[in-house]
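Trainee: Mind looking over this structure? Questions follow.
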2 protein chains.
Amino acid sequence: MQSEKTRIVVRKDVLADAKTDAEEERRRLRERGTLVVNLVSSPGAGKTALLQLTAQRWQQKYSMAVLVGDLETDRDAQRLSPYVPVVQLTTGGACHLEMPLVRRGLIALGDPQVDFLFIENIGNLVCPASHDLGEHLRVIILSVTDGDDKPGKYPKMFRTSHALLISKIDLLPHVPFQVENAIRDALNVQPELKAIELSAQSGAGIDQWLRMLEDARERIILSRQDASLT
Amino acid sequence: MQSEKTRIVVRKDVLADAKTDAEEERRRLRERGTLVVNLVSSPGAGKTALLQLTAQRWQQKYSMAVLVGDLETDRDAQRLSPYVPVVQLTTGGACHLEMPLVRRGLIALGDPQVDFLFIENIGNLVCPASHDLGEHLRVIILSVTDGDDKPGKYPKMFRTSHALLISKIDLLPHVPFQVENAIRDALNVQPELKAIELSAQSGAGIDQWLRMLEDARERIILSRQDASLT
């Protein structure tokens, strides 16, 4: 039988393990020059379409790989597989990805030395906010069809993100979405958030998105050199 | 100290309690002629807009009340309060509503004897599927901007619903959404699902939606009479 004190310590260790796991993976992938991007959004905001376009645009320029989370099907992996190495992570109904599943996905990919590793999270604006997947960049995609009130209604997801993509802006003439309101509310909960408006259909904003990724990768490579000097 | 056996019984009771709670509430509200509707969808599919329109159309015809779930804000309750008695249920970050919170909401409303009680769930296609809120009718709203692949990707939410509303059909000319594909896939996971295509903007399909609600209420009233005969 365990004493009360022992049980508390065990619980703490479990939480610490998850955090250490993510930290370790973030450091390990930084060391080899891989920028890890965790893409979150509500269902249907355009994560897969954006990754397709990113892979097409960078086919000759960078190496990349994708881990795609889904509850049950492998439809998104099928959509991406013509363009980029992809592994499907199936949660069997859970509403978010966790580090152990991401690790298994990396192993299934052959733990490749790529420039960019994208993790397409489960379509959900709540649960993924609480799970660090070892990413360097958490990107939230908000479709103009989702409504401009979402940053205030799902603040944790916006608060824990580094960048905000306002997607499907080609539909702006047809929906009551005020881009300024959405960005203002998002900056209210996370003042450091970098916002980009884009459309995978028209291609608007895609150059900015790619440049943001390149800049972020440059930063982790520089920080790696800094770390080796200390 | 509890024996292993006692602990197992306690766990079973907790689950049974939640189910009994929902069953009890469903029966109690049926007895007084209230149809309880649990509205689920991904964020921004148009739950609040549909409830606004429903309340406007039925102002002179039926009594209704709304419980609105949200993570933190009360924006949806503010949007609805000019039209209908409404109580905000704030989950403080949890991704779904549960029966105890619904009960507290009913008490806050004054436990009114209304014809229709709507519960607007958290915008989420995963977690709400597992929580019975004592509803007679679970309605899933799928926006045409969400993509027609969602029934296959979030099957539990569709499997546990009675009706499917395809919303924002005024946007069909601008998005790559095949209504037939979405309905076929939804019927694959739930063959009894009744599907209605509608738009709160244009008003298309709203008459069908209101008729479906009236029919469902008639059915619970008839079943109440059947039950009193036995």
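Naming works like this for the structure tokens: A, B, ... for the chains as they're shown, residue 1 at the start of each chain, ligands 1 onward in shown order.
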May I ask you to extract the residues of chain A within 6 Å of chain B, using only C-alpha atoms, and to give them as a PyMOL selection string?

Mentor: chain A and resi 44+73+95+126+146-147+153

Trainee: Could you take the residues named above and write them with all heavy atoms, as a PDB file, in the first residue's frame?

Mentor:
```pdb
ATOM      1  N   GLY A  44     -12.644  21.696 -40.670  1.00  0.00           N
ATOM      2  CA  GLY A  44     -12.949  22.282 -41.969  1.00  0.00           C
ATOM      3  C   GLY A  44     -12.427  23.686 -42.202  1.00  0.00           C
ATOM      4  O   GLY A  44     -12.869  24.376 -43.109  1.00  0.00           O
ATOM      5  N   THR A  73     -10.816   8.163 -39.666  1.00  0.00           N
ATOM      6  CA  THR A  73     -10.492   7.906 -41.070  1.00  0.00           C
ATOM      7  C   THR A  73      -9.067   8.328 -41.412  1.00  0.00           C
ATOM      8  O   THR A  73      -8.379   8.956 -40.618  1.00  0.00           O
ATOM      9  CB  THR A  73     -11.420   8.697 -42.023  1.00  0.00           C
ATOM     10  OG1 THR A  73     -11.068  10.082 -41.942  1.00  0.00           O
ATOM     11  CG2 THR A  73     -12.875   8.516 -41.655  1.00  0.00           C
ATOM     12  N   CYS A  95     -10.127  13.674 -28.573  1.00  0.00           N
ATOM     13  CA  CYS A  95     -10.328  14.978 -29.203  1.00  0.00           C
ATOM     14  C   CYS A  95      -9.042  15.773 -29.418  1.00  0.00           C
ATOM     15  O   CYS A  95      -9.099  16.956 -29.726  1.00  0.00           O
ATOM     16  CB  CYS A  95     -11.311  15.800 -28.380  1.00  0.00           C
ATOM     17  SG  CYS A  95     -10.835  16.007 -26.649  1.00  0.00           S
ATOM     18  N   VAL A 126     -10.923  23.292 -28.644  1.00  0.00           N
ATOM     19  CA  VAL A 126     -10.827  23.233 -27.187  1.00  0.00           C
ATOM     20  C   VAL A 126      -9.651  22.368 -26.726  1.00  0.00           C
ATOM     21  O   VAL A 126      -8.638  22.866 -26.228  1.00  0.00           O
ATOM     22  CB  VAL A 126     -12.139  22.706 -26.550  1.00  0.00           C
ATOM     23  CG1 VAL A 126     -12.076  22.823 -25.042  1.00  0.00           C
ATOM     24  CG2 VAL A 126     -13.348  23.476 -27.087  1.00  0.00           C
ATOM     25  N   ASP A 146     -16.177  30.640 -39.949  1.00  0.00           N
ATOM     26  CA  ASP A 146     -16.369  30.242 -38.541  1.00  0.00           C
ATOM     27  C   ASP A 146     -16.963  31.376 -37.707  1.00  0.00           C
ATOM     28  O   ASP A 146     -17.502  31.130 -36.623  1.00  0.00           O
ATOM     29  CB  ASP A 146     -15.015  29.870 -37.894  1.00  0.00           C
ATOM     30  CG  ASP A 146     -14.514  28.507 -38.340  1.00  0.00           C
ATOM     31  OD1 ASP A 146     -15.320  27.730 -38.889  1.00  0.00           O
ATOM     32  OD2 ASP A 146     -13.318  28.223 -38.137  1.00  0.00           O
ATOM     33  N   GLY A 147     -16.832  32.603 -38.172  1.00  0.00           N
ATOM     34  CA  GLY A 147     -17.330  33.753 -37.397  1.00  0.00           C
ATOM     35  C   GLY A 147     -16.193  34.465 -36.690  1.00  0.00           C
ATOM     36  O   GLY A 147     -15.251  33.836 -36.205  1.00  0.00           O
ATOM     37  N   LYS A 153     -14.372  33.427 -27.685  1.00  0.00           N
ATOM     38  CA  LYS A 153     -15.106  32.269 -27.192  1.00  0.00           C
ATOM     39  C   LYS A 153     -14.214  31.070 -26.924  1.00  0.00           C
ATOM     40  O   LYS A 153     -14.578  30.172 -26.161  1.00  0.00           O
ATOM     41  CB  LYS A 153     -16.206  31.893 -28.190  1.00  0.00           C
ATOM     42  CG  LYS A 153     -17.308  32.943 -28.262  1.00  0.00           C
ATOM     43  CD  LYS A 153     -18.358  32.597 -29.278  1.00  0.00           C
ATOM     44  CE  LYS A 153     -19.179  31.408 -28.838  1.00  0.00           C
ATOM     45  NZ  LYS A 153     -20.280  31.160 -29.791  1.00  0.00           N
TER      46      LYS A 153
END
```

Trainee: Which polymer residues have any atom within 10 Å of an atom of segment 20-37 of chain A, counting only C-alpha atoms, with same-chain residues fewer than 4 positions away left out, as a PyMOL selection string?

Mentor: chain A and resi 13-16+63-66+98-100+102-103+111-120+131-139+213-214+216-225+227-228

Trainee: Neighbours of Ser199 of chain B within 8 Å (only C-alpha atoms; same-chain residues fewer than 2 positions away dropped), as a list in words?

Mentor: Ser167, Lys168, Ile169, Asp170, Glu197, Gln201, Ser202, Gly203, Ala204, Gly205 and Ile206 of chain B

Trainee: If I take atom CA of Arg184 of chain B and atom CA of Val87 of chain A, how far is one from the other in Å, to one decimal?

Mentor: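 Result for atom CA of Arg184 of chain B versus atom CA of Val87 of chain A: 27.3 Å, one decimal.
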
Trainee: Contacts of Leu101 of chain A at 9 Å or less, counting only C-alpha atoms, minus same-chain residues fewer than 3 places along, as number ranges by chain?

Mentor: A: 89-91, 97-98, 104-106

Trainee: In terms of the shortest atom-to-atom distance over only C-alpha atoms, which of B:Ser81, B:Ser161, B:Gln88, B:Asn121 is closest to Glu192 of chain B?

Mentor: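 Ranking B:Ser81, B:Ser161, B:Gln88, B:Asn121 by distance to Glu192 of chain B, first place goes to B:Ser161.
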
Trainee: Please report the interatomic distance between atom CA of Arg79 of chain A and atom CA of Gln178 of chain B in Å with one decimal.

Mentor: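 Separation between atom CA of Arg79 of chain A and atom CA of Gln178 of chain B: 16.9 Å.
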
Trainee: Taking only C-alpha atoms into account, which of B:Phe158, B:Ala163, B:Pro176, B:Val189 comes nearest Ala49 of chain A?

Mentor: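 Checking each candidate against Ala49 of chain A, we get B:Pro176 as the closest.
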
Trainee: Please, which residues of segment 20-202 of chain B, numbered as in this document, come out strand (DSSP E) from DSSP, as a short mmCIF file (atom, residue, chain, number, x, y, z; two decimals) with C-alpha atoms, in the first residue's frame?

Mentor:
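Heads up, here's the output in selection_25.cif:
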```cif
data_model
loop_
_atom_site.label_atom_id
_atom_site.label_comp_id
_atom_site.auth_asym_id
_atom_site.auth_seq_id
_atom_site.Cartn_x
_atom_site.Cartn_y
_atom_site.Cartn_z
CA LEU B 35 -39.41 18.88 -26.25
CA VAL B 36 -35.72 19.09 -25.35
CA VAL B 37 -33.38 19.69 -28.31
CA ASN B 38 -29.59 19.34 -27.98
CA LEU B 39 -27.92 21.33 -30.79
CA VAL B 40 -24.37 20.26 -31.62
CA SER B 41 -21.92 21.41 -34.30
CA MET B 64 -39.48 28.33 -25.61
CA ALA B 65 -36.29 28.75 -23.59
CA VAL B 66 -32.60 28.29 -24.34
CA LEU B 67 -29.59 27.07 -22.39
CA VAL B 68 -26.40 28.23 -24.13
CA GLY B 69 -23.10 26.51 -23.48
CA ASP B 70 -19.85 28.39 -23.89
CA VAL B 86 -31.87 32.33 -22.05
CA VAL B 87 -29.32 31.18 -19.48
CA GLN B 88 -25.61 30.97 -20.17
CA LEU B 89 -23.82 27.79 -19.09
CA THR B 90 -20.10 28.51 -18.81
CA PHE B 116 -39.48 23.76 -26.51
CA LEU B 117 -36.22 23.80 -24.56
CA PHE B 118 -33.11 24.22 -26.70
CA ILE B 119 -29.65 23.39 -25.41
CA GLU B 120 -26.94 25.00 -27.53
CA LEU B 137 -33.83 15.20 -30.12
CA ARG B 138 -30.12 15.59 -30.85
CA VAL B 139 -29.56 17.76 -33.90
CA ILE B 140 -26.19 18.10 -35.60
CA ILE B 141 -25.58 21.17 -37.75
CA LEU B 142 -23.03 20.82 -40.54
CA SER B 143 -22.15 24.03 -42.35
CA ALA B 163 -31.38 14.95 -37.32
CA LEU B 164 -28.79 16.59 -39.57
CA LEU B 165 -29.10 20.21 -40.65
CA ILE B 166 -26.90 21.20 -43.60
CA SER B 167 -26.53 24.93 -42.88
CA LYS B 194 -33.38 12.99 -41.00
CA ALA B 195 -31.58 15.58 -43.17
CA ILE B 196 -32.69 19.15 -43.87
CA GLU B 197 -30.82 21.72 -45.98
#
```
